[in-house]
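Q: What follows is the file data.cif, containing mmCIF, C-alpha atoms:
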data_start
#
loop_
_atom_site.label_atom_id
_atom_site.label_comp_id
_atom_site.auth_asym_id
_atom_site.auth_seq_id
_atom_site.Cartn_x
_atom_site.Cartn_y
_atom_site.Cartn_z
CA MET A 125 -111.96 64.33 -55.73
CA ALA A 126 -111.64 67.35 -53.49
CA LEU A 127 -114.26 66.21 -51.03
CA ARG A 128 -112.90 62.77 -50.38
CA ARG A 129 -111.89 62.41 -46.81
CA GLY A 130 -109.38 59.59 -46.60
CA SER A 131 -111.85 56.71 -46.55
CA ALA A 132 -113.71 55.95 -49.75
CA THR A 133 -117.36 56.82 -49.24
CA LEU A 134 -120.03 58.08 -51.58
CA TRP A 135 -120.00 61.91 -52.02
CA ARG A 136 -123.62 62.17 -51.02
CA THR A 137 -123.10 60.49 -47.69
CA CYS A 138 -120.14 62.60 -46.63
CA SER A 139 -121.32 66.03 -47.81
CA PRO A 140 -122.44 68.13 -44.79
CA LEU A 141 -124.87 70.15 -46.87
CA LEU A 142 -127.80 67.78 -46.75
CA PRO A 143 -129.54 68.21 -43.39
CA GLY A 144 -132.09 65.42 -43.55
CA LEU A 145 -129.66 62.61 -44.28
CA ARG A 146 -127.98 60.64 -41.58
CA LEU A 147 -124.48 59.32 -42.14
CA PRO A 148 -124.35 55.56 -42.32
CA LEU A 149 -122.11 53.65 -39.91
CA PRO A 150 -118.43 54.10 -40.73
CA GLY A 151 -118.16 50.40 -41.36
CA VAL A 152 -120.41 50.67 -44.41
CA VAL A 153 -118.11 51.20 -47.37
CA CYS A 154 -118.52 50.41 -51.02
CA PRO A 155 -117.35 46.81 -51.37
CA HIS A 156 -115.57 47.34 -54.73
CA SER A 157 -113.21 50.01 -53.56
CA THR A 158 -110.36 48.26 -51.89
CA ALA A 159 -108.28 46.64 -54.62
CA ALA A 160 -107.06 49.58 -56.75
CA GLY A 161 -106.76 52.06 -53.88
CA ASP A 162 -109.24 54.70 -52.65
CA LEU A 163 -111.61 54.74 -55.60
CA VAL A 164 -115.37 54.65 -55.40
CA ALA A 165 -117.40 53.09 -58.20
CA ARG A 166 -118.60 55.74 -60.61
CA THR A 167 -122.31 56.11 -60.04
CA SER A 168 -124.60 59.07 -60.29
CA LEU A 169 -124.07 59.85 -56.61
CA SER A 170 -120.35 59.20 -56.35
CA ARG A 171 -119.29 62.74 -57.25
CA PRO A 172 -121.07 66.11 -56.91
CA PRO A 173 -122.97 67.19 -60.03
CA TRP A 174 -120.99 70.43 -60.46
CA ARG A 175 -117.59 70.72 -62.08
CA GLU A 176 -114.53 70.19 -59.92
CA ILE A 177 -112.95 73.55 -59.01
CA VAL A 178 -109.18 73.61 -59.37
CA PRO A 179 -107.64 76.63 -57.58
CA GLU A 180 -105.77 78.81 -60.07
CA PRO A 181 -102.44 80.50 -59.29
CA GLU A 182 -102.84 84.25 -58.69
CA GLU A 183 -100.51 85.35 -61.49
CA GLU A 184 -102.49 83.50 -64.11
CA GLN A 185 -105.76 84.80 -62.76
CA ARG A 186 -104.49 88.39 -62.85
CA ARG A 187 -103.23 87.94 -66.41
CA ARG A 188 -106.53 86.44 -67.50
CA HIS A 189 -108.50 89.28 -65.91
CA ALA A 190 -106.27 91.92 -67.53
CA ALA A 191 -106.69 90.29 -70.93
CA LEU A 192 -110.46 90.20 -70.50
CA VAL A 193 -110.65 93.83 -69.40
CA SER A 194 -108.54 94.96 -72.37
CA ARG A 195 -110.76 93.02 -74.77
CA VAL A 196 -113.88 94.63 -73.34
CA ASN A 197 -112.19 98.05 -73.45
CA GLN A 198 -111.30 97.63 -77.10
CA GLN A 199 -114.81 96.61 -77.96
CA ILE A 200 -116.27 99.59 -76.12
CA GLU A 201 -113.81 102.01 -77.76
CA ARG A 202 -114.68 101.01 -81.27
CA GLN A 203 -118.38 100.85 -80.24
CA GLY A 204 -118.60 97.34 -81.58
CA PHE A 205 -121.77 96.35 -79.80
CA GLY A 206 -125.39 96.37 -80.92
CA ARG A 207 -128.31 97.00 -78.62
CA LEU A 208 -127.56 97.81 -74.98
CA PHE A 209 -129.78 97.03 -72.03
CA ALA A 210 -129.57 98.59 -68.57
CA VAL A 211 -131.01 98.04 -65.11
CA VAL A 212 -132.12 101.38 -63.76
CA HIS A 213 -133.50 102.33 -60.33
CA VAL A 214 -136.51 104.64 -60.81
CA ALA A 215 -139.43 105.40 -58.50
CA GLY A 216 -138.45 102.83 -55.89
CA ARG A 217 -138.21 99.98 -58.37
CA GLN A 218 -135.59 98.48 -60.66
CA TRP A 219 -136.42 98.17 -64.33
CA LYS A 220 -134.57 96.34 -67.08
CA ILE A 221 -134.80 98.65 -70.08
CA THR A 222 -133.57 98.95 -73.68
CA ASP A 223 -134.06 101.61 -76.31
CA GLU A 224 -137.63 102.33 -77.40
CA ASP A 225 -139.10 100.91 -74.18
CA LEU A 226 -142.17 102.20 -72.36
CA VAL A 227 -142.19 102.54 -68.57
CA LEU A 228 -145.20 103.52 -66.43
CA ILE A 229 -144.49 105.32 -63.15
CA GLU A 230 -147.26 105.62 -60.57
CA ASN A 231 -146.56 109.17 -59.47
CA HIS A 232 -146.17 112.71 -60.67
CA ILE A 233 -142.87 113.90 -62.15
CA ASP A 234 -141.87 117.57 -62.30
CA ALA A 235 -141.33 117.56 -66.03
CA GLU A 236 -143.67 118.55 -68.82
CA CYS A 237 -144.76 116.29 -71.65
CA GLY A 238 -142.05 116.12 -74.27
CA ASP A 239 -139.16 116.88 -71.87
CA ARG A 240 -136.02 114.79 -72.12
CA ILE A 241 -134.89 113.29 -68.81
CA ARG A 242 -131.65 111.60 -67.80
CA LEU A 243 -131.96 108.53 -65.54
CA GLU A 244 -128.94 108.53 -63.27
CA LYS A 245 -129.10 105.46 -61.03
CA VAL A 246 -127.81 102.77 -63.37
CA LEU A 247 -126.92 99.44 -61.75
CA LEU A 248 -125.98 97.33 -64.74
CA VAL A 249 -125.34 97.76 -68.45
CA GLY A 250 -125.08 94.86 -70.85
CA ALA A 251 -124.53 94.16 -74.51
CA GLU A 252 -124.55 90.86 -76.32
CA ASP A 253 -120.96 89.90 -75.45
CA PHE A 254 -120.25 91.64 -72.14
CA THR A 255 -121.95 93.09 -69.06
CA LEU A 256 -120.81 95.87 -66.78
CA LEU A 257 -121.97 95.54 -63.17
CA GLY A 258 -121.94 98.44 -60.77
CA ARG A 259 -121.22 98.13 -57.05
CA PRO A 260 -123.97 99.18 -56.54
CA LEU A 261 -124.14 101.96 -59.16
CA LEU A 262 -122.16 102.69 -62.29
CA GLU A 263 -120.46 106.05 -62.79
CA LYS A 264 -122.32 108.86 -64.45
CA GLU A 265 -119.47 109.46 -66.93
CA LEU A 266 -119.69 105.87 -68.08
CA VAL A 267 -123.36 105.40 -68.93
CA ARG A 268 -126.02 107.78 -70.12
CA VAL A 269 -129.68 106.76 -70.16
CA GLU A 270 -132.16 109.25 -71.59
CA ALA A 271 -135.93 109.15 -71.58
CA THR A 272 -138.81 111.35 -72.77
CA VAL A 273 -142.00 112.03 -70.85
CA ILE A 274 -144.80 111.02 -73.20
CA GLU A 275 -147.94 111.14 -71.15
CA LYS A 276 -149.12 112.33 -67.76
CA THR A 277 -152.50 110.80 -66.95
CA GLU A 278 -154.45 109.45 -64.06
CA SER A 279 -154.98 105.79 -63.33
CA TRP A 280 -158.34 104.08 -63.66
CA PRO A 281 -160.54 104.55 -60.55
CA LYS A 282 -159.48 101.76 -58.20
CA VAL A 283 -161.98 100.68 -55.55
CA HIS A 284 -160.69 100.62 -51.98
CA MET A 285 -163.24 98.83 -49.81
CA GLN A 286 -163.11 97.78 -46.18
CA PHE A 287 -165.64 95.36 -44.78
CA ARG A 288 -165.86 93.54 -41.46
CA LYS A 289 -168.46 90.87 -41.15
CA ARG A 290 -171.05 90.92 -38.40
CA HIS A 291 -169.99 94.42 -37.28
CA ARG A 292 -171.93 96.63 -39.73
CA PHE A 293 -168.68 98.19 -40.88
CA GLN A 294 -167.92 99.00 -44.47
CA ARG A 295 -166.11 101.88 -46.16
CA LYS A 296 -165.73 102.38 -49.87
CA ARG A 297 -163.71 104.94 -51.78
CA THR A 298 -162.14 105.25 -55.21
CA ILE A 299 -158.44 105.96 -55.58
CA ILE A 300 -157.13 107.74 -58.65
CA GLN A 301 -153.35 108.03 -58.88
CA PRO A 302 -151.31 110.27 -61.16
CA GLN A 303 -149.26 108.32 -63.70
CA THR A 304 -146.37 109.20 -65.98
CA VAL A 305 -145.30 107.26 -69.06
CA LEU A 306 -141.65 107.42 -70.06
CA ARG A 307 -140.19 106.38 -73.39
CA ILE A 308 -136.52 105.31 -73.08
CA ASN A 309 -134.74 107.04 -75.93
CA CYS A 310 -131.14 105.88 -75.79
CA ILE A 311 -128.51 104.12 -73.67
CA GLU A 312 -124.92 105.20 -74.37
CA LEU A 313 -121.57 103.86 -73.15
CA ALA A 314 -118.51 106.08 -72.89
CA PRO A 315 -115.21 104.52 -74.01
CA ARG A 316 -113.26 104.61 -70.76
CA LEU A 317 -112.88 101.80 -68.23
CA THR A 318 -110.26 100.88 -65.66
CA MET B 262 -165.97 96.97 -60.10
CA THR B 263 -163.01 94.61 -59.73
CA SER B 264 -160.21 94.54 -62.23
CA ARG B 265 -161.44 91.17 -63.43
CA GLY B 266 -164.88 92.54 -64.25
CA THR B 267 -163.68 95.63 -66.08
CA PRO B 268 -161.85 95.83 -69.41
CA SER B 269 -158.06 96.09 -69.43
CA ARG B 270 -155.29 96.84 -71.90
CA PHE B 271 -151.53 96.71 -72.20
CA LEU B 272 -149.33 99.78 -71.92
CA LYS B 273 -148.70 101.29 -75.30
CA SER B 274 -148.26 104.57 -77.08
CA VAL B 275 -149.95 105.94 -80.17
CA LEU B 276 -147.70 105.36 -83.21
CA GLN B 277 -144.44 105.09 -81.13
CA ASN B 278 -144.74 108.64 -79.85
CA GLY B 279 -141.47 109.72 -78.26
CA VAL B 280 -139.06 107.55 -80.25
CA GLY B 281 -138.49 110.41 -82.65
CA ARG B 282 -140.22 113.67 -81.89
CA TYR B 283 -142.86 114.06 -79.16
CA VAL B 284 -146.28 114.97 -80.60
CA CYS B 285 -149.10 116.29 -78.44
CA GLN B 286 -151.95 113.85 -78.82
CA LEU B 287 -154.81 116.28 -78.32
CA LYS B 288 -156.31 117.23 -81.67
CA ARG B 289 -159.34 119.38 -80.92
CA ILE B 290 -161.07 120.93 -77.90
CA SER B 291 -164.65 122.20 -78.08
CA ILE B 292 -166.01 124.20 -75.15
CA ILE B 293 -169.81 124.13 -75.14
CA PHE B 294 -171.45 126.50 -72.71
CA SER B 295 -174.45 128.76 -72.31
CA LYS B 296 -174.35 132.54 -72.33
CA LYS B 297 -176.76 133.12 -69.48
CA ALA B 298 -177.04 130.04 -67.22
CA GLN B 299 -175.58 129.96 -63.69
CA SER B 300 -173.72 126.71 -64.25
CA SER B 301 -171.57 128.23 -67.00
CA LEU B 302 -170.31 131.09 -64.85
CA GLY B 303 -166.85 129.62 -64.40
CA VAL B 304 -166.62 128.74 -68.10
CA ARG B 305 -167.46 132.28 -69.12
CA GLU B 306 -164.77 133.60 -66.79
CA PHE B 307 -162.25 131.14 -68.19
CA ILE B 308 -163.11 132.19 -71.73
CA GLU B 309 -162.64 135.83 -70.87
CA GLU B 310 -159.21 135.28 -69.30
CA GLY B 311 -157.58 131.93 -69.88
CA VAL B 312 -158.58 130.47 -73.25
CA VAL B 313 -156.23 132.54 -75.39
CA ASP B 314 -153.23 131.73 -73.19
CA TYR B 315 -154.13 128.05 -73.31
CA ALA B 316 -154.44 128.11 -77.09
CA ASN B 317 -151.08 129.84 -77.44
CA LYS B 318 -149.40 127.36 -75.11
CA ASN B 319 -150.68 124.37 -77.12
CA PRO B 320 -150.10 125.27 -80.76
CA GLY B 321 -150.93 121.75 -81.95
CA THR B 322 -154.48 121.80 -80.58
CA VAL B 323 -157.46 123.55 -82.18
CA VAL B 324 -159.79 125.27 -79.70
CA TYR B 325 -163.47 125.76 -80.58
CA VAL B 326 -165.68 127.91 -78.38
CA SER B 327 -169.39 127.45 -79.03
CA PRO B 328 -171.99 129.21 -76.93
CA GLN B 329 -175.32 127.42 -77.27
CA PRO B 330 -178.43 127.13 -75.15
CA CYS B 331 -177.55 124.10 -73.02
CA ARG B 332 -178.13 123.00 -69.44
CA ILE B 333 -174.74 121.42 -68.78
CA PRO B 334 -171.55 123.06 -70.03
CA LYS B 335 -169.12 120.51 -71.49
CA ILE B 336 -165.62 120.15 -72.84
CA VAL B 337 -165.28 117.70 -75.73
CA ALA B 338 -161.70 116.58 -76.39
CA GLU B 339 -160.75 114.67 -79.52
CA TYR B 340 -157.46 112.81 -79.82
CA LEU B 341 -155.23 111.77 -82.70
CA ASN B 342 -156.17 108.10 -82.40
CA GLY B 343 -159.85 108.96 -82.86
CA ASN B 344 -161.02 108.65 -79.24
CA MET B 345 -163.26 111.32 -77.78
CA ARG B 346 -163.68 112.39 -74.15
CA GLU B 347 -166.50 114.51 -72.77
CA GLU B 348 -166.08 116.23 -69.43
CA MET B 349 -168.83 118.13 -67.65
CA ILE B 350 -167.71 121.44 -66.15
CA THR B 351 -170.90 122.42 -64.33
CA SER B 352 -170.21 124.97 -61.59
CA LYS B 353 -166.45 124.74 -61.85
CA THR B 354 -164.19 127.71 -61.30
CA SER B 355 -161.88 129.12 -63.94
CA ALA B 356 -158.82 127.66 -62.21
CA GLN B 357 -160.33 124.18 -62.07
CA ILE B 358 -161.23 124.35 -65.74
CA SER B 359 -157.70 125.32 -66.76
CA GLU B 360 -156.29 122.48 -64.64
CA LEU B 361 -158.65 120.07 -66.34
CA LEU B 362 -157.59 121.32 -69.76
CA ASN B 363 -153.90 120.82 -68.87
CA LYS B 364 -154.66 117.28 -67.77
CA LEU B 365 -156.51 116.54 -71.02
CA SER B 366 -153.71 117.94 -73.14
CA SER B 367 -151.05 115.82 -71.45
CA GLN B 368 -153.05 112.59 -71.93
CA SER B 369 -152.93 110.45 -75.00
CA GLY B 370 -156.30 109.26 -76.26
CA LEU B 371 -155.97 105.69 -74.97
CA GLU B 372 -158.74 104.47 -72.64
CA VAL B 373 -158.43 105.00 -68.91
CA ILE B 374 -158.83 101.37 -67.90
CA ARG B 375 -156.66 98.95 -66.01
CA ILE B 376 -153.18 98.65 -67.49
CA ARG B 377 -151.95 95.09 -67.17
CA LYS B 378 -148.20 95.69 -67.04
CA PRO B 379 -146.37 98.91 -66.21
CA PHE B 380 -143.80 98.32 -68.98
CA HIS B 381 -143.63 97.42 -72.65
CA THR B 382 -140.68 96.16 -74.72
CA ASP B 383 -140.30 95.08 -78.28
CA ASN B 384 -136.88 93.51 -77.58
CA PRO B 385 -137.18 91.54 -74.34
CA SER B 386 -133.94 89.57 -74.74
CA ILE B 387 -130.52 90.80 -75.89
CA GLN B 388 -128.11 88.12 -74.74
CA GLY B 389 -130.48 85.35 -75.78
CA GLN B 390 -133.39 83.97 -73.81
CA TRP B 391 -132.42 81.45 -71.16
CA HIS B 392 -133.32 77.83 -71.73
CA PRO B 393 -132.22 74.86 -69.62
CA PHE B 394 -129.23 74.13 -71.88
CA THR B 395 -127.57 77.56 -71.69
CA ASN B 396 -124.37 77.47 -69.64
CA ARG B 397 -124.67 73.75 -69.12
CA PRO B 398 -121.54 71.67 -69.83
CA LEU B 399 -122.03 68.60 -71.98
CA SER B 400 -122.23 65.43 -69.96
CA ILE B 401 -120.87 63.20 -72.73
CA THR B 402 -118.18 63.88 -75.30
CA PRO B 403 -119.58 64.76 -78.72
CA VAL B 404 -120.17 61.81 -81.00
CA ARG B 405 -118.28 62.16 -84.27
CA PRO B 406 -118.08 59.84 -87.28
CA PRO B 407 -114.88 57.72 -87.26
CA LYS B 408 -111.86 59.28 -89.02
CA GLN B 409 -111.29 58.07 -92.57
CA GLY B 410 -107.55 57.36 -92.03
CA SER B 411 -108.06 54.91 -89.18
CA ALA B 412 -110.96 53.17 -90.90
CA GLU B 413 -108.96 52.39 -94.07
#
Could you show the structure in this file as structure tokens?
A:
Amino acid sequence: MALRRGSATLWRTCSPLLPGLRLPLPGVVCPHSTAAGDLVARTSLSRPPWREIVPEPEEEQRRRHAALVSRVNQQIERQGFGRLFAVVHVAGRQWKITDEDLVLIENHIDAECGDRIRLEKVLLVGAEDFTLLGRPLLEKELVRVEATVIEKTESWPKVHMQFRKRHRFQRKRTIIQPQTVLRINCIELAPRLT
Amino acid sequence: MTSRGTPSRFLKSVLQNGVGRYVCQLKRISIIFSKKAQSSLGVREFIEEGVVDYANKNPGTVVYVSPQPCRIPKIVAEYLNGNMREEMITSKTSAQISELLNKLSSQSGLEVIRIRKPFHTDNPSIQGQWHPFTNRPLSITPVRPPKQGSAE
């Protein structure tokens, strides 16, 4: 066990990550441990619940990464993926979108109804077998997300009321905001990755 | 009223507008005004100057102009999904009326009520929806029936 520190104690008592627990006195040790060496009895608290991490040699890691990248490259080149989804930054928010999606934006856009728009700030693109993450954005030559402006309306009249009790103060007004509805037409990946 | 007391709907489009071609949702516009009243002054000006340009700019919409004896001049807009909207244009200027017409032509006929979510998808999950057993290693080895060779 990676976390064992010489003496055989339960993992939960020697992990520094739990702030509320106090370590028991060092004399308190599992009574069954001594005979076969430094082994603690296997209970639900004797080892951490996550898998043990074995550090990998760098060569192997590099080879594994290169193999993975070439597999993803091949799949992208022959366009062997189905539906793509993307996380796009529009109007101050991030949206997870696919083809044929509707998105409502609470402001006015300088494009007429029926115009085709390209959304440029793409943070992530994924298919069923792989995902491409940007740091923080992906390149424009790699992904292309297109949308059409369907509708430019106004929101329903929202009531904005201020009231302070015992001070005879109240104000009331209705807020109507311009809205734009976008239909995401397509998300395309270009076959070139390093 | 509050959003709980008023009706609401989900974001949608009429017949998946935009997936293929974009279709203007405004079907018909009828401008009802009077020939002599003071309130229809702006409408009469708009009809002299701006109506023909508007009709040429929106080839998919039919424009009807009907002067009748009426107290309040109105614009009645009918949409492809069957909804109708009436707007009063009493004492509006020609510019305001043309702005209103542009707004009506860029709307779809869905009701202007609270929209519950600002997005709509038909395919919410592509890599499979998460459940507590995704990416979880098995805690016990799989149980298999004993091999025939060792049993015999």
Q: Which distance in Å separates CA of Phe294 in chain B and CA of Tyr340 in chain B, to one decimal?
A: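 Interatomic distance here is 20.8 Å.
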Q: Which value, in Å to one decimal, gives the distance between CA of Pro328 in chain B and CA of Ile293 in chain B?
A: 5.8 Å
Q: One decimal, Å: what's the distance from CA of Arg242 in chain A over to CA of Pro320 in chain B, could you say?
A: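 Result for CA of Arg242 in chain A versus CA of Pro320 in chain B: 26.4 Å, one decimal.
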Q: Find the spatial neighbours of Val373 in chain B, counting all atoms listed in the file, within a cut-off of 12 Å - ignore same-chain residues fewer than 5 positions away - and output them as a PyMOL selection string.
A: (chain A and resi 276-282+300-303) or (chain B and resi 267-272+344-346+365+368)
Q: What's around range 395-401 of chain B at 10 Å? Count all atoms listed in the file, leave out sequence neighbours fewer than 5 positions away in its own chain, and write the answer as a list in words.
A: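 The filter keeps Trp174 and Arg175 of chain A; Gly389 and Gln390 of chain B.
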Q: Return the neighbours of chain A among the residues of chain B, cut-off 8 Å, counting all atoms listed in the file, as a PyMOL selection string.
A: chain B and resi 262-263+272-273+278-280+283-284+364+367-369+373-375+379-384+387-388
Q: Could you write out as a short mmCIF file (atom, residue, chain, number, x, y, z; two decimals) with C-alpha atoms, in the coordinates of the input the residues that the PyMOL selection byres ((chain B and resi 299) around 10) matches in the shown file?
A:
data_model
loop_
_atom_site.label_atom_id
_atom_site.label_comp_id
_atom_site.auth_asym_id
_atom_site.auth_seq_id
_atom_site.Cartn_x
_atom_site.Cartn_y
_atom_site.Cartn_z
CA SER B 295 -174.45 128.76 -72.31
CA LYS B 296 -174.35 132.54 -72.33
CA LYS B 297 -176.76 133.12 -69.48
CA ALA B 298 -177.04 130.04 -67.22
CA SER B 300 -173.72 126.71 -64.25
CA SER B 301 -171.57 128.23 -67.00
CA LEU B 302 -170.31 131.09 -64.85
CA GLY B 303 -166.85 129.62 -64.40
CA ARG B 332 -178.13 123.00 -69.44
CA ILE B 333 -174.74 121.42 -68.78
CA THR B 351 -170.90 122.42 -64.33
CA SER B 352 -170.21 124.97 -61.59
#
Q: As a check of understanding, name the residues that the PyMOL selection byres ((chain A and resi 247) around 9) selects in the supplied structure, as a ChimeraX atom specification.
A: /A:210-213,218,245-246,248-249,256-262
Q: Taking the file as shown, what set of residues would the PyMOL selection byres ((chain B and resi 326) around 6) give back, as a VMD selection string?
A: chain B and resid 291 to 292 325 327
Q: Set the distance at 12 Å and use all atoms listed in the file: which residues neighbour Asn342 in chain B once local chain neighbours fewer than 4 positions away are removed? I'd like the list as a list in words.
A: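 My reading of the contact set: Ser274, Val275, Leu276, Asn278, Cys285, Gln286, Leu287, Lys288, Arg289, Ala338, Arg346, Gln368, Ser369, Gly370, Leu371 and Glu372 of chain B.
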Q: Each side padded by 5 Å, which centre and which edge lengths in Å (one decimal) define the axis-aligned box around the listed atoms of range 336-341 of chain B? Give them as AutoDock Vina command-line options.
A:
--center_x -160.4 --center_y 116.0 --center_z -77.8 --size_x 20.4 --size_y 18.4 --size_z 19.9
Q: Give me, as a list in words, all polymer residues having an atom no more than 12 Å from Asn197 in chain A, counting only C-alpha atoms and skipping those fewer than 2 positions away in the same chain.
A: Ala190, Ala191, Leu192, Val193, Ser194, Arg195, Gln199, Ile200, Glu201, Arg202, Gln203, Gly204, Phe205, Phe254, Thr255, Leu256, Leu313, Ala314, Pro315, Arg316, Leu317 and Thr318 of chain A
